[in-house]
Structures are given as structure tokens and as C-alpha cells.
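Student: Enclosed is the structure file entry38.txt (compact mmCIF, C-alpha atoms and all ligand atoms).
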# COMPACT_ATOMS: atom_id res chain seq x y z
CA MET A 1250 101.57 73.10 109.60
CA SER A 1251 103.21 75.51 112.03
CA THR A 1252 106.48 77.34 111.66
CA GLN A 1253 107.93 74.79 114.02
CA GLY A 1254 107.39 72.16 111.32
CA GLY A 1255 110.04 70.77 108.99
CA SER A 1256 110.91 71.92 105.52
CA GLY A 1257 107.40 71.88 104.00
CA PRO A 1258 105.71 74.87 102.40
CA VAL A 1259 105.49 78.05 104.41
CA PRO A 1260 101.78 78.30 105.32
CA PHE A 1261 101.52 82.03 105.88
CA VAL A 1262 102.53 83.11 102.42
CA LEU A 1263 99.49 83.10 100.14
CA PRO A 1264 100.06 81.53 96.74
CA GLY A 1265 100.04 84.01 93.85
CA PRO A 1266 99.59 87.76 93.98
CA PRO A 1267 97.21 89.27 96.54
CA PRO A 1268 93.64 89.33 95.23
CA MET A 1269 92.57 92.59 93.59
CA ARG A 1270 88.93 93.08 94.43
CA ASP A 1271 87.98 94.99 91.29
CA THR A 1272 87.09 91.99 89.13
CA VAL A 1273 84.53 89.24 89.75
CA GLU A 1274 87.26 86.63 90.25
CA GLY A 1275 89.41 88.87 92.44
CA TRP A 1276 86.50 89.86 94.66
CA GLU A 1277 85.46 86.22 95.04
CA ARG A 1278 88.98 85.07 95.86
CA TRP A 1279 89.34 87.84 98.46
CA ARG A 1280 85.89 87.13 99.96
CA VAL A 1281 86.48 83.44 100.50
CA THR A 1282 90.09 83.74 101.74
CA ARG A 1283 89.76 86.91 103.78
CA ARG A 1284 89.90 85.14 107.13
CA ASP A 1285 92.42 82.46 106.19
CA PHE A 1286 95.60 84.09 107.45
CA MET A 1287 97.11 82.21 110.40
CA PRO A 1288 99.04 84.46 112.78
CA ALA A 1289 102.37 83.24 114.16
CA PRO A 1290 102.13 81.20 117.36
CA ARG A 1291 102.99 83.06 120.57
CA LEU A 1292 106.46 82.12 121.78
CA SER A 1293 108.28 83.35 124.84
CA LEU A 1294 111.87 84.50 124.46
CA ALA A 1295 113.02 81.28 126.12
CA GLU A 1296 111.00 79.14 123.70
CA TRP A 1297 112.28 81.09 120.71
CA ARG A 1298 115.89 80.64 121.87
CA LEU A 1299 115.43 76.88 121.77
CA LEU A 1300 114.66 76.92 118.04
CA SER A 1301 117.23 76.05 115.40
CA PRO A 1302 118.55 79.01 113.35
CA ARG A 1303 116.35 78.03 110.40
CA LYS A 1304 113.25 77.74 112.55
CA LYS A 1305 114.10 81.04 114.24
CA SER A 1306 114.22 82.79 110.85
CA LEU A 1307 111.01 81.11 109.72
CA HIS A 1308 109.27 82.12 112.92
CA ASP A 1309 110.55 85.69 112.54
CA LEU A 1310 109.23 85.79 108.98
CA HIS A 1311 105.89 84.53 110.20
CA ARG A 1312 105.89 87.23 112.89
CA SER A 1313 106.56 89.89 110.24
CA ALA A 1314 103.72 88.51 108.13
CA THR A 1315 101.48 88.66 111.20
CA HIS A 1316 102.33 92.32 111.75
CA ALA A 1317 101.72 93.03 108.06
CA ASN A 1318 98.29 91.38 108.19
CA LEU A 1319 96.72 92.90 111.27
CA GLN A 1320 93.03 92.15 111.51
CA LEU A 1321 90.19 94.61 111.15
CA LEU A 1322 88.98 95.38 114.64
CA GLN A 1323 85.50 96.38 115.59
CA THR A 1324 85.42 100.04 116.46
CA PRO A 1325 82.40 102.05 117.62
CA MET A 1326 82.63 104.06 114.38
CA ALA A 1327 82.73 100.96 112.16
CA ASP A 1328 79.84 99.47 114.16
CA ALA A 1329 77.66 102.47 113.31
CA VAL A 1330 78.47 102.10 109.59
CA THR A 1331 77.86 98.34 109.72
CA LYS A 1332 74.47 98.74 111.31
CA LEU A 1333 73.27 101.16 108.69
CA LEU A 1334 74.91 99.71 105.57
CA HIS A 1335 74.21 96.06 106.29
CA GLY A 1336 70.61 96.84 107.22
CA ARG A 1337 70.02 98.90 104.11
CA VAL A 1338 71.58 96.41 101.69
CA MET A 1339 69.72 93.47 103.22
CA THR A 1340 66.27 95.08 103.29
CA ASN A 1341 66.74 96.41 99.77
CA ALA A 1342 67.79 92.95 98.56
CA LEU A 1343 64.62 91.47 100.05
CA LYS A 1344 62.36 94.06 98.42
CA HIS A 1345 60.16 92.69 95.66
CA LYS A 1346 58.62 95.99 94.70
CA PRO A 1347 60.16 97.64 91.66
CA THR A 1348 60.58 100.94 93.52
CA THR A 1349 63.91 102.73 93.67
CA ARG A 1350 66.18 101.52 96.44
CA ALA A 1351 67.63 104.09 98.84
CA GLY A 1352 71.41 104.20 98.61
CA VAL A 1353 74.12 104.71 101.22
CA MET A 1354 77.02 107.17 101.18
CA VAL A 1355 79.97 106.53 103.48
CA THR A 1356 82.14 109.56 104.09
CA GLY A 1357 85.27 110.15 106.20
CA GLY A 1358 88.90 111.25 106.00
CA GLY A 1359 91.65 109.30 104.23
CA TYR A 1360 93.04 106.08 105.80
CA GLN A 1361 90.15 105.86 108.24
CA GLY A 1362 89.10 102.43 107.07
CA LYS A 1363 86.28 103.30 104.66
CA THR A 1364 87.31 100.80 101.97
CA GLU A 1365 88.08 97.91 104.31
CA THR A 1366 84.98 98.46 106.42
CA GLY A 1367 82.74 98.81 103.34
CA CYS A 1368 84.17 95.68 101.69
CA GLU A 1369 83.90 93.65 104.87
CA ILE A 1370 80.25 94.63 105.34
CA LEU A 1371 79.36 93.75 101.76
CA ALA A 1372 81.35 90.49 101.87
CA THR A 1373 79.41 89.51 105.00
CA PHE A 1374 76.17 90.40 103.24
CA GLU A 1375 77.24 88.24 100.29
CA ASP A 1376 78.13 85.30 102.58
CA ILE A 1377 74.63 85.43 104.05
CA TRP A 1378 72.91 86.03 100.71
CA ARG A 1379 74.68 83.11 99.04
CA GLU A 1380 73.84 80.90 101.97
CA LEU A 1381 70.19 81.94 101.66
CA HIS A 1382 70.10 81.16 97.98
CA ARG A 1383 72.42 78.19 98.10
CA HIS A 1384 74.70 79.68 95.52
CA LEU A 1385 71.94 79.98 92.94
CA ASN A 1386 70.97 83.19 91.29
CA PRO A 1387 67.43 83.57 92.59
CA ASP A 1388 66.49 85.52 89.46
CA ALA A 1389 68.13 83.16 86.98
CA VAL A 1390 65.92 82.07 84.15
CA PRO A 1391 65.93 78.25 84.06
CA GLY A 1392 68.47 77.19 81.48
CA ALA A 1393 70.43 80.44 81.61
CA ARG A 1394 73.92 80.07 83.00
CA ASP A 1395 74.66 83.53 84.20
CA LEU A 1396 77.16 83.81 86.98
CA HIS A 1397 75.71 84.93 90.30
CA VAL A 1398 77.53 88.07 91.52
CA PRO A 1399 75.62 89.58 94.47
CA VAL A 1400 78.18 92.35 95.12
CA ALA A 1401 80.14 94.45 92.64
CA TYR A 1402 83.16 96.43 93.88
CA VAL A 1403 84.45 99.22 91.66
CA GLN A 1404 87.16 101.73 92.31
CA THR A 1405 86.60 105.09 90.64
CA PRO A 1406 89.50 105.80 88.28
CA VAL A 1407 91.58 108.89 89.10
CA THR A 1408 89.98 112.00 87.50
CA ALA A 1409 87.15 109.85 86.22
CA LYS A 1410 84.30 111.04 84.10
CA PRO A 1411 80.95 109.27 83.78
CA LYS A 1412 82.13 107.16 80.82
CA SER A 1413 85.28 105.90 82.50
CA LEU A 1414 83.34 105.04 85.65
CA CYS A 1415 80.90 102.96 83.55
CA LYS A 1416 83.85 101.24 81.90
CA ALA A 1417 85.33 100.42 85.30
CA ILE A 1418 82.02 98.77 86.28
CA LEU A 1419 81.95 96.75 83.07
CA ASN A 1420 85.58 95.75 83.64
CA PHE A 1421 84.57 94.28 86.99
CA TYR A 1422 82.29 91.89 85.12
CA GLY A 1423 84.82 91.33 82.35
CA ALA A 1424 82.25 92.59 79.84
CA GLN A 1425 83.20 93.25 76.23
CA LEU A 1426 83.83 96.94 75.58
CA HIS A 1427 83.63 98.55 72.18
CA PRO A 1428 85.70 101.71 71.75
CA ARG A 1429 82.87 103.66 70.17
CA MET A 1430 80.26 103.07 72.87
CA ASP A 1431 78.69 106.31 74.06
CA LEU A 1432 77.38 106.98 77.56
CA PRO A 1433 73.81 105.70 76.93
CA ASP A 1434 75.26 102.47 75.44
CA LEU A 1435 77.56 102.05 78.41
CA LEU A 1436 74.73 102.64 80.88
CA ARG A 1437 72.54 100.11 79.10
CA GLN A 1438 75.30 97.56 79.34
CA VAL A 1439 75.92 98.34 83.02
CA ALA A 1440 72.19 97.82 83.71
CA ALA A 1441 72.28 94.52 81.80
CA SER A 1442 75.38 93.31 83.67
CA LEU A 1443 73.90 94.15 87.08
CA HIS A 1444 70.64 92.43 86.21
CA ASP A 1445 72.10 89.32 84.56
CA HIS A 1446 74.41 88.64 87.50
CA GLY A 1447 71.75 89.13 90.17
CA THR A 1448 73.82 91.96 91.68
CA ARG A 1449 72.22 93.50 94.79
CA ALA A 1450 74.85 96.00 95.87
CA LEU A 1451 77.10 98.16 93.71
CA LEU A 1452 79.95 99.70 95.70
CA LEU A 1453 81.61 102.67 94.02
CA ASP A 1454 84.71 103.38 96.06
CA ASP A 1455 86.58 106.70 95.98
CA ILE A 1456 83.59 108.35 94.28
CA THR A 1457 84.98 111.78 95.20
CA ARG A 1458 87.55 111.27 92.45
CA LEU A 1459 84.75 111.88 89.91
CA ARG A 1460 85.11 115.28 88.34
CA LEU A 1461 82.67 117.38 90.25
CA HIS A 1462 83.23 120.69 88.54
CA ARG A 1463 80.19 122.76 87.76
CA ALA A 1464 80.20 121.86 84.06
CA ASP A 1465 80.10 118.15 84.82
CA ASP A 1466 77.66 118.42 87.73
CA GLN A 1467 74.56 117.59 85.80
CA ASP A 1468 76.22 114.64 84.15
CA THR A 1469 77.39 113.23 87.45
CA LEU A 1470 74.05 113.65 89.11
CA ASP A 1471 72.27 112.09 86.14
CA LEU A 1472 74.73 109.23 86.25
CA ILE A 1473 73.92 108.57 89.89
CA ARG A 1474 70.21 108.78 89.11
CA ALA A 1475 70.70 106.24 86.34
CA PHE A 1476 72.56 103.82 88.64
CA MET A 1477 69.83 104.13 91.23
CA SER A 1478 67.20 103.03 88.72
CA MET A 1479 69.00 99.71 88.30
CA HIS A 1480 67.47 98.01 91.35
CA VAL A 1481 70.69 97.67 93.27
CA THR A 1482 71.72 99.32 96.50
CA LEU A 1483 74.16 101.98 95.40
CA VAL A 1484 76.95 102.37 97.96
CA LEU A 1485 79.15 105.42 97.43
CA ILE A 1486 82.35 105.76 99.45
CA GLY A 1487 84.47 108.89 99.37
CA VAL A 1488 86.62 111.34 101.28
CA ASP A 1489 84.59 114.24 102.68
CA ILE A 1490 81.51 113.73 100.50
CA PRO A 1491 79.67 116.77 101.94
CA GLY A 1492 82.60 119.03 100.98
CA SER A 1493 83.08 117.47 97.55
CA GLY A 1494 80.23 118.97 95.55
CA LEU A 1495 78.51 115.61 95.17
CA LEU A 1496 75.62 116.77 97.34
CA ARG A 1497 75.33 120.20 95.77
CA GLU A 1498 71.88 119.49 94.37
CA GLY A 1499 70.77 117.36 97.29
CA ARG A 1500 68.89 118.36 100.43
CA HIS A 1501 70.66 117.13 103.55
CA ASP A 1502 68.52 116.60 106.63
CA PRO A 1503 70.92 116.53 109.59
CA ASP A 1504 68.24 115.00 111.85
CA THR A 1505 67.75 111.86 109.79
CA GLY A 1506 71.18 111.90 108.10
CA GLN A 1507 69.38 111.47 104.77
CA VAL A 1508 70.13 113.25 101.54
CA THR A 1509 67.37 113.67 98.99
CA PHE A 1510 68.01 114.46 95.35
CA PRO A 1511 65.24 116.03 93.27
CA PRO A 1512 63.82 114.04 90.35
CA ALA A 1513 65.35 114.58 86.93
CA GLN A 1514 63.95 117.54 84.98
CA GLN A 1515 64.07 115.92 81.58
CA SER A 1516 62.11 112.78 80.73
CA LYS A 1517 65.18 110.85 79.66
CA VAL A 1518 68.58 110.65 81.31
CA HIS A 1519 71.33 109.45 79.00
CA GLY A 1520 68.81 107.68 76.83
CA ARG A 1521 67.15 105.94 79.78
CA GLU A 1522 63.68 106.79 80.99
CA ALA A 1523 64.01 109.15 83.96
CA THR A 1524 61.76 108.37 86.89
CA GLN A 1525 59.92 111.18 88.59
CA THR A 1526 60.71 110.01 92.08
CA GLU A 1527 63.30 111.52 94.37
CA ARG A 1528 66.53 109.69 95.07
CA ARG A 1529 67.36 109.08 98.70
CA PHE A 1530 70.68 108.31 100.35
CA ASP A 1531 71.65 107.67 103.93
CA LEU A 1532 74.83 109.60 104.63
CA VAL A 1533 76.98 107.99 107.30
CA GLU A 1534 80.36 109.11 108.54
CA LEU A 1535 83.19 106.76 109.42
CA ASP A 1536 85.00 108.98 111.87
CA ARG A 1537 88.48 108.72 113.36
CA PHE A 1538 89.02 108.10 117.07
CA ARG A 1539 88.81 111.12 119.36
CA TYR A 1540 90.66 111.71 122.62
CA GLU A 1541 88.66 114.07 124.79
CA THR A 1542 85.90 112.46 126.82
CA ASP A 1543 86.43 109.43 129.09
CA GLU A 1544 84.34 107.38 126.72
CA GLU A 1545 86.45 108.38 123.70
CA ILE A 1546 89.70 107.62 125.52
CA ALA A 1547 88.34 104.25 126.66
CA ALA A 1548 87.39 103.38 123.05
CA TRP A 1549 90.92 104.28 121.84
CA ILE A 1550 92.53 102.19 124.58
CA ASP A 1551 90.20 99.33 123.69
CA HIS A 1552 91.39 99.52 120.09
CA LEU A 1553 95.03 99.59 121.20
CA THR A 1554 94.37 96.50 123.35
CA GLY A 1555 93.06 94.72 120.25
CA VAL A 1556 96.16 95.72 118.26
CA GLU A 1557 98.58 94.79 121.07
CA ASP A 1558 97.02 91.37 121.36
CA GLN A 1559 97.97 90.60 117.76
CA LEU A 1560 101.64 91.53 118.08
CA ARG A 1561 104.32 88.87 118.39
CA LEU A 1562 107.30 90.67 119.94
CA LEU A 1563 109.42 88.51 122.21
CA LYS A 1564 109.92 91.09 124.96
CA ALA A 1565 106.48 92.68 124.78
CA HIS A 1566 104.77 93.23 128.08
CA ARG A 1567 101.14 93.66 128.89
CA GLY A 1568 100.10 97.27 128.48
CA MET A 1569 102.91 97.92 125.97
CA LEU A 1570 100.50 100.08 123.95
CA THR A 1571 97.86 100.83 126.55
CA ALA A 1572 99.63 101.80 129.77
CA GLY A 1573 101.16 105.08 130.94
CA ARG A 1574 101.72 107.74 128.30
CA MET A 1575 101.50 105.35 125.34
CA PRO A 1576 97.81 105.85 124.40
CA GLU A 1577 98.29 109.61 124.34
CA TYR A 1578 101.58 109.33 122.46
CA LEU A 1579 100.04 107.04 119.84
CA PHE A 1580 97.07 109.34 119.47
CA GLY A 1581 99.41 112.29 118.94
CA ARG A 1582 101.28 110.39 116.23
CA THR A 1583 98.17 109.23 114.35
CA ASN A 1584 95.34 111.65 115.15
CA GLY A 1585 93.30 108.56 115.97
CA VAL A 1586 93.30 107.41 112.32
CA VAL A 1587 93.27 103.58 112.26
CA GLY A 1588 95.27 103.31 109.03
CA LEU A 1589 98.07 105.54 110.35
CA LEU A 1590 98.22 103.54 113.57
CA GLU A 1591 98.49 100.35 111.54
CA ARG A 1592 101.42 101.76 109.52
CA LEU A 1593 103.24 103.00 112.61
CA VAL A 1594 102.79 99.71 114.47
CA GLU A 1595 103.76 97.55 111.51
CA ASP A 1596 106.95 99.52 110.83
CA GLY A 1597 107.66 99.81 114.55
CA CYS A 1598 107.43 96.05 114.97
CA GLN A 1599 109.80 95.44 112.07
CA GLU A 1600 112.30 97.81 113.66
CA ALA A 1601 111.80 96.11 117.04
CA ILE A 1602 112.61 92.73 115.46
CA ASP A 1603 115.56 94.02 113.40
CA SER A 1604 117.09 95.87 116.36
CA GLU A 1605 116.38 92.95 118.71
CA LEU A 1606 114.67 95.37 121.10
CA GLU A 1607 111.59 93.15 120.63
CA CYS A 1608 109.27 95.67 122.24
CA LEU A 1609 107.51 98.89 121.14
CA THR A 1610 108.64 101.91 123.12
CA GLU A 1611 108.22 105.63 122.67
CA PRO A 1612 111.90 106.21 121.71
CA LEU A 1613 111.73 103.42 119.12
CA LEU A 1614 108.51 104.81 117.61
CA GLU A 1615 110.01 108.33 117.55
CA GLY A 1616 112.46 106.96 114.99
CA ILE A 1617 109.70 105.71 112.69
CA ALA A 1618 108.28 108.09 110.12
CA ILE A 1619 104.81 107.17 108.89
CA THR A 1620 105.19 106.66 105.16
CA LEU A 1621 102.13 106.55 102.96
CA GLY A 1622 103.55 105.99 99.51
CA ASP A 1623 100.64 103.91 98.24
CA PRO A 1624 100.11 104.12 94.48
CA SER A 1625 96.45 103.06 94.77
CA ARG A 1626 95.50 106.24 96.65
CA ASP A 1627 94.87 109.63 95.09
CA PRO A 1628 96.38 112.49 97.10
CA GLY A 1629 94.37 114.97 94.99
CA ALA A 1630 91.13 113.46 96.32
CA GLY A 1631 92.24 113.74 99.97
CA GLU A 1632 92.88 110.01 100.31
CA ILE A 1633 96.27 110.53 101.97
CA PRO A 1634 95.86 112.31 105.29
CA ASP A 1635 98.45 114.60 106.84
CA THR A 1636 100.64 112.77 109.29
CA PRO A 1637 101.28 114.60 112.55
CA PRO A 1638 104.98 115.26 113.26
CA THR A 1639 106.82 113.25 115.88
CA GLY A 1640 107.23 114.54 119.44
CA SER A 1641 109.45 117.54 118.83
CA ASP A 1642 111.19 119.24 115.94
CA THR A 1643 114.57 118.33 117.33
CA ALA A 1644 113.47 114.77 117.69
CA ALA A 1645 112.45 114.82 114.04
CA LYS A 1646 115.77 116.39 113.02
CA ASP A 1647 117.86 113.97 115.04
CA ARG A 1648 115.66 111.02 114.21
CA PRO A 1649 117.89 108.01 113.63
CA VAL A 1650 117.75 106.89 110.04
CA LYS A 1651 115.72 103.72 109.92
CA ARG A 1652 117.98 100.77 109.30
CA LYS A 1653 117.44 98.92 106.10
CA ARG A 1654 115.80 95.60 106.75
CA PRO A 1655 118.42 92.85 106.71
CA ARG A 1656 118.12 90.41 103.88
CA ASN A 1657 115.84 87.50 104.65
CA THR A 1658 118.02 84.45 105.06
CA VAL A 1659 115.30 81.84 105.67
CA PHE A 1660 115.75 80.07 102.40
CA ASP A 1661 119.52 80.28 102.31
CA ASP A 1662 121.40 77.05 102.24
CA HIS A 1663 123.67 77.25 105.26
CA GLY A 1664 125.26 73.92 104.48
CA PRO A 1665 125.32 70.84 106.67
CA ALA A 1666 126.72 72.71 109.68
CA ALA A 1667 123.54 74.78 110.01
CA SER A 1668 121.20 71.82 110.17
CA THR A 1669 123.14 70.27 113.02
CA GLY A 1670 122.95 73.52 115.04
CA THR A 1671 120.33 74.05 117.76
N1 LIG B 1 88.63 98.71 112.00
C1 LIG B 1 89.91 98.62 111.70
N2 LIG B 1 90.77 98.02 112.53
C2 LIG B 1 92.06 97.91 112.22
N3 LIG B 1 92.63 98.36 111.11
C3 LIG B 1 91.83 98.98 110.23
C4 LIG B 1 90.44 99.14 110.47
N4 LIG B 1 89.89 99.78 109.42
C5 LIG B 1 90.90 100.00 108.57
N5 LIG B 1 92.06 99.53 109.03
C6 LIG B 1 93.35 99.59 108.33
O1 LIG B 1 93.61 100.92 107.94
C7 LIG B 1 94.17 100.97 106.63
C8 LIG B 1 93.41 102.01 105.83
O2 LIG B 1 92.10 101.54 105.61
P1 LIG B 1 91.31 101.82 104.26
O3 LIG B 1 92.16 101.59 103.07
O4 LIG B 1 90.04 101.07 104.35
O5 LIG B 1 91.06 103.39 104.45
P2 LIG B 1 90.25 104.40 103.55
O6 LIG B 1 89.45 105.22 104.48
O7 LIG B 1 89.54 103.65 102.47
O8 LIG B 1 91.40 105.28 102.93
P3 LIG B 1 91.41 106.13 101.54
O9 LIG B 1 90.57 107.32 101.77
O10 LIG B 1 92.87 106.48 101.38
O11 LIG B 1 90.88 105.24 100.46
C9 LIG B 1 94.05 99.58 106.03
O12 LIG B 1 95.33 99.03 105.84
C10 LIG B 1 93.25 98.79 107.02
O13 LIG B 1 93.76 97.50 107.19
MG MG B 2 89.80 103.62 100.40
Please render this file's structure as C-alpha cells.
Ligand SMILES: Nc1ncnc2c1ncn2[C@@H]1O[C@H](COP(=O)(O)OP(=O)(O)OP(=O)(O)O)[C@@H](O)[C@H]1O
Ligand SMILES: [Mg+2]
Tutor:
Amino acid sequence: MSTQGGSGPVPFVLPGPPPMRDTVEGWERWRVTRRDFMPAPRLSLAEWRLLSPRKKSLHDLHRSATHANLQLLQTPMADAVTKLLHGRVMTNALKHKPTTRAGVMVTGGGYQGKTETGCEILATFEDIWRELHRHLNPDAVPGARDLHVPVAYVQTPVTAKPKSLCKAILNFYGAQLHPRMDLPDLLRQVAASLHDHGTRALLLDDITRLRLHRADDQDTLDLIRAFMSMHVTLVLIGVDIPGSGLLREGRHDPDTGQVTFPPAQQSKVHGREATQTERRFDLVELDRFRYETDEEIAAWIDHLTGVEDQLRLLKAHRGMLTAGRMPEYLFGRTNGVVGLLERLVEDGCQEAIDSELECLTEPLLEGIAITLGDPSRDPGAGEIPDTPPTGSDTAAKDRPVKRKRPRNTVFDDHGPAASTGT
């Protein structure tokens, strides 16, 4: 059904709350529905004017939903991460040998797309893996009815310690937790959960929230060693991993991008047998856009073209984001950080619809402050980047206060008169 349809259900509002990816069910629901959103159809101003008031409001709501659900675009930086991460996870998954799998660390600044890029890569891996195995756990013992969960996504709790990180992993699987479990117990249960579900990749997001103070260093490193002995590809995502202390004991080879951790000194790590092999990680950076060389500017403009193409403003013109001073202006506002651009464009579009300007212009965007009040991000771990100021101090001082969004009137009953209107 399109928004031009009658009074049926509104197709662009997903039923129920948005899927949280940090449980098996939530991850699965997100993975299978992640491409389902239908953007609003493109209408010219003349076509929009022909709609009835109710259809106009429905279409406007659909346009807002479209601007709030902008797609992930391929960027040269995300391509580099995809190549490495997908390749590593896939070859590790195909390995039969019981040797330790090399892991991958994805580092970058806040809001640069680490989480979304990482999840998309692992969801794509899972799509392929499930297809290969026709939805059967290839390791399942005949008769056993374990659920097949190729990918586990876990967000590190704020100021986590090794025990709370293990608990977060077990929560993903919905495993039973006993309050008195110690770290070796928890690790044993994590290993059992990963094995029983045929998990091939364990993504630990926001790993730089782990306490990395000197006193906890050994614990953290041992924890990572223990995870790496569990025959999964360990994927660690964090803000500025090299500066975080996580690599303190590792040797970083800038030529290969690999980090090598020495083998454990003791024979047991948290009650598990320590292996004497080194632990290897590929360290890959998901960078922001840059704006110096011709190539960098072209990549930024390419990204803006991809964003512009998704917008549904009635008076938008070609080159609205890509012509004249706009690319430079948008770079100045966002530092080339994809997440900041997304916020600015989404809020800018809402203002453009509310004010009936129906186009993004520099003066309109000057009035939009980039707000990052997102409770799921930890400012203490650098997950909220600084937002550059708008054009000038005076502009910031005199910035018009953003109008409150008008109440949505789509579902109001306007009485019989409304339905007979155009
Ligand atoms: N390639 C992309 N194209 C378009 N938008 C993107 C892209 N990557 C990320 N985004 C958008 O940027 C926003 C921030 O992305 P994400 O949450 O993945 O960043 P992050 O690096 O994990 O941030 P944090 O460090 O705060 O956890 C998201 O809303 C996402 O939709
Ligand atoms: Mg993130």
C-alpha cells in the first residue's frame, strides 16, 4: 500500500518497538527486517497539492519517516572495513583446524558509523552462512535442538568489568544467571553458549568502556585471551582503541596493521587452560571523511549525492547538497562525521517541512543545532564527538529558536467536511 491509499494501516510504521540487537530475538528481528523500510514516493509540489488534506498529512508523515530512516551508504572507509572484517569472519568460519582464530578490532571516533557498519557486515555474513547451511546448525548433534545463532552482538555495559561483560554476553543468549557465579564459571558458560549455538562471530561493541586502568589490565587481557580460545572470530569495536590502553601489552605492526598479544604467563587463565600461542588481531580504522585532496572532496560529494537522493522535500533541486558552497559548509558543520551529517540533515528536513521552505539551504541549516542526547552512548568513552560550531559566533547567538514540531494531525477526525475536501 502507498500513502496515496485509503484508510488502511500505515505501512511505514513498524509494528512494536524498534528491535534491540542485544538479544538473540532482537538481533534476528533486526537482521531480517533491516531492509524492509519503504521510503515515501517522490511527489512534485504540483502532485502533492492535488492530495486531500488527510493524504497530504499522511504523505508528510511518510516523508518524515523517510528522513528518520536514511540508509547506510557505501563509503570508501566502510568499504575498507567490510573487506577486512567480512573476509576474516568468513575464512575463520570455514576453518576446521582447532587453532585460535585471529580477531578484528575496529577503531574510530564517535558517531562515525562503527556500530552500524559492524552490524551490517556481520548480518550479511549471517545471511550467507545461513543460506550455506540451510538454517541448520552445522555442528548440531543429531537429536539436539539447540538454536543456531551464527552471530552474537553484545554492547559493553558502561564502566564494565570482566564479570559484567560476561553477563551481557549470557544475556544475549537468554542464559540462566546465578548471582554467585564467579568469573571462571561465567567464562565456562559463555564458552558453552557460543559452542552450543554454533556462533562464529562474537561482536563486542563499545569495548573501550571496559575499565582499562592498570590494576584491571591483566584481567582484561586475560579475558580477551579467554574469548579468543572459544573458536569464534572476536570482533572488538571501540572509540580510539590505540589510545585506550587496550593494546598496552600488544605489539602493533603499522605495516600489516596487526596487533599481536603475547601468550599468557600462567598455565591457567580464569580457570581455563591458557594456550601458549600468541593472539593476533587485525586493527582497522573506520575514519571520518576528509576534505583536502581532490579525491577526498569527490568522496564527500559522492556521499552527499547519496544522501540528497533519499530526501523527499517538495522544493528540493538537484545539487541542493552538492553544488556551490554546500559541500564545504556541510563539512564544516560535521567534520565529515557521517552520524553528525545524518542528524543535521534529518533535523534540517523536519524544519524545512514545518516551515514550508521545503528545501535545505545554508540559512536554514544555520538555525539547526546538532543535538546528540542519545542515552545509549557513553560520553565518558568518547562516543559523543564534539560538534563544530555554526558559521559564526553571532550566527550562533542570533540563531532562531527551532520551532516546536506541530502536532501530528494525521489521525485526527476532521469530521465529514474534511473527507469531502480535495
Ligand atoms: N555509511 C553510512 N552512511 C550513512 N549513514 C551512516 C553510515 N554509517 C553510519 N551512519 C549513521 O551514523 C549514525 C552513527 O552511526 P553509529 O551509531 O554506527 O556510530 P558509532 O561510530 O558506533 O558511534 P559511537 O562511537 O557513538 O558508538 C547512525 O545513525 C547511522 O545511521
Ligand atoms: Mg556505536
Student: My list of candidates is A:Asp1536, A:Asp1434, A:Glu1632, A:Asp1468. Which is closest to ligand MG 2 (chain B) when distances are computed with all atoms listed in the file?
Tutor: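 Ranked by minimum distance to ligand MG 2 (chain B), first place goes to A:Glu1632.
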Student: Using all atoms listed in the file, which residues of the polymer chains come no farther than 9 Å from ligand MG 2 (chain B)? I'd like the answer as a short mmCIF file (atom, residue, chain, number, x, y, z; two decimals) with C-alpha atoms, in the frame of the given file.
Tutor:
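Result file follows (out11.cif):
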data_model
loop_
_atom_site.label_atom_id
_atom_site.label_comp_id
_atom_site.auth_asym_id
_atom_site.auth_seq_id
_atom_site.Cartn_x
_atom_site.Cartn_y
_atom_site.Cartn_z
CA GLY A 1359 91.65 109.30 104.23
CA TYR A 1360 93.04 106.08 105.80
CA GLN A 1361 90.15 105.86 108.24
CA GLY A 1362 89.10 102.43 107.07
CA LYS A 1363 86.28 103.30 104.66
CA THR A 1364 87.31 100.80 101.97
CA GLU A 1365 88.08 97.91 104.31
CA GLN A 1404 87.16 101.73 92.31
CA ASP A 1454 84.71 103.38 96.06
CA ASP A 1455 86.58 106.70 95.98
CA ILE A 1486 82.35 105.76 99.45
CA GLY A 1487 84.47 108.89 99.37
CA VAL A 1488 86.62 111.34 101.28
CA SER A 1625 96.45 103.06 94.77
CA ARG A 1626 95.50 106.24 96.65
CA GLU A 1632 92.88 110.01 100.31
#
Student: In Å, rounded to a single decimal, give me how far atom CA of Val1273 of chain A is from atom CA of Ser1413 of chain A.
Tutor: 18.2 Å
Student: Using all atoms listed in the file, which residues of the polymer chains come no farther than 10 Å from ligand LIG 1 (chain B)? I'd like the answer as a PyMOL selection string.
Tutor: chain A and resi 1317-1328+1355-1369+1404+1454-1455+1457+1486-1489+1535-1537+1552-1553+1555-1556+1586-1592+1621+1623+1625-1628+1630-1634
Student: Can you list every residue of segment 1531-1612 of chain A that has an atom at most 10 Å from segment 1278-1300 of chain A, with its nearest atom pair and the distance in Å to one decimal, using all atoms listed in the file, ordered by chain then number, as JSON lines?
Tutor:
{"residue": "A:Gln1559", "atom": "CA", "partner": "A:Pro1288", "partner_atom": "CA", "distance": 8.0}
{"residue": "A:Leu1560", "atom": "CA", "partner": "A:Arg1291", "partner_atom": "CA", "distance": 8.9}
{"residue": "A:Arg1561", "atom": "CA", "partner": "A:Arg1291", "partner_atom": "CA", "distance": 6.3}
{"residue": "A:Leu1562", "atom": "CA", "partner": "A:Arg1291", "partner_atom": "CA", "distance": 8.8}
{"residue": "A:Leu1563", "atom": "CA", "partner": "A:Leu1294", "partner_atom": "CA", "distance": 5.2}
{"residue": "A:Lys1564", "atom": "CA", "partner": "A:Leu1294", "partner_atom": "CA", "distance": 6.9}
{"residue": "A:Ala1565", "atom": "CA", "partner": "A:Ser1293", "partner_atom": "CA", "distance": 9.5}
{"residue": "A:Glu1607", "atom": "CA", "partner": "A:Leu1294", "partner_atom": "CA", "distance": 9.5}
Student: Considering all atoms listed in the file, state which residue in the set A:Cys1608, A:Thr1315, A:Arg1582, A:Ala1475 is at the smallest distance from His1566 of chain A.
Tutor: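 Nearest candidate to His1566 of chain A out of A:Cys1608, A:Thr1315, A:Arg1582, A:Ala1475: A:Cys1608.
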Student: Kindly give the distance, in Å, that separates atom CA of Tyr1540 of chain A and atom CA of Pro1576 of chain A, rounded to a single decimal.
Tutor: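 Separation between atom CA of Tyr1540 of chain A and atom CA of Pro1576 of chain A: 9.4 Å.
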Student: Would you mind telling me which residue in A:Leu1459, A:Ile1617, A:Leu1570, A:Asp1531 lies nearest to Trp1549 of chain A when using only C-alpha atoms?
Tutor: A:Leu1570
Student: Measure the distance from atom CA of Phe1374 of chain A to atom CA of Phe1510 of chain A in Å and round it to one decimal.
Tutor: 26.6 Å
Student: Could you check which of A:Ala1441, A:Phe1580, A:Leu1334, A:Val1398 is closest to Leu1532 of chain A, using all atoms listed in the file?
Tutor: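 Nearest to Leu1532 of chain A: A:Leu1334.
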Student: Identify which of the residues A:Ala1601, A:Ala1440, A:Ala1409, A:Ala1372 lies closest to Ala1424 of chain A, counting all atoms listed in the file when measuring atom-to-atom distances.
Tutor: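 Residue with the minimum atom-to-atom distance to Ala1424 of chain A: A:Ala1440.
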Student: Do a neighbour search on Arg1337 of chain A at 8 Å with only C-alpha atoms, toss out local chain neighbours closer than 2 positions, and write the hits as a list in words.
Tutor: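 Everything that qualifies: Leu1333, Leu1334, His1335, Met1339, Thr1340, Asn1341, Ala1351, Gly1352, Val1353 and Thr1482 of chain A.
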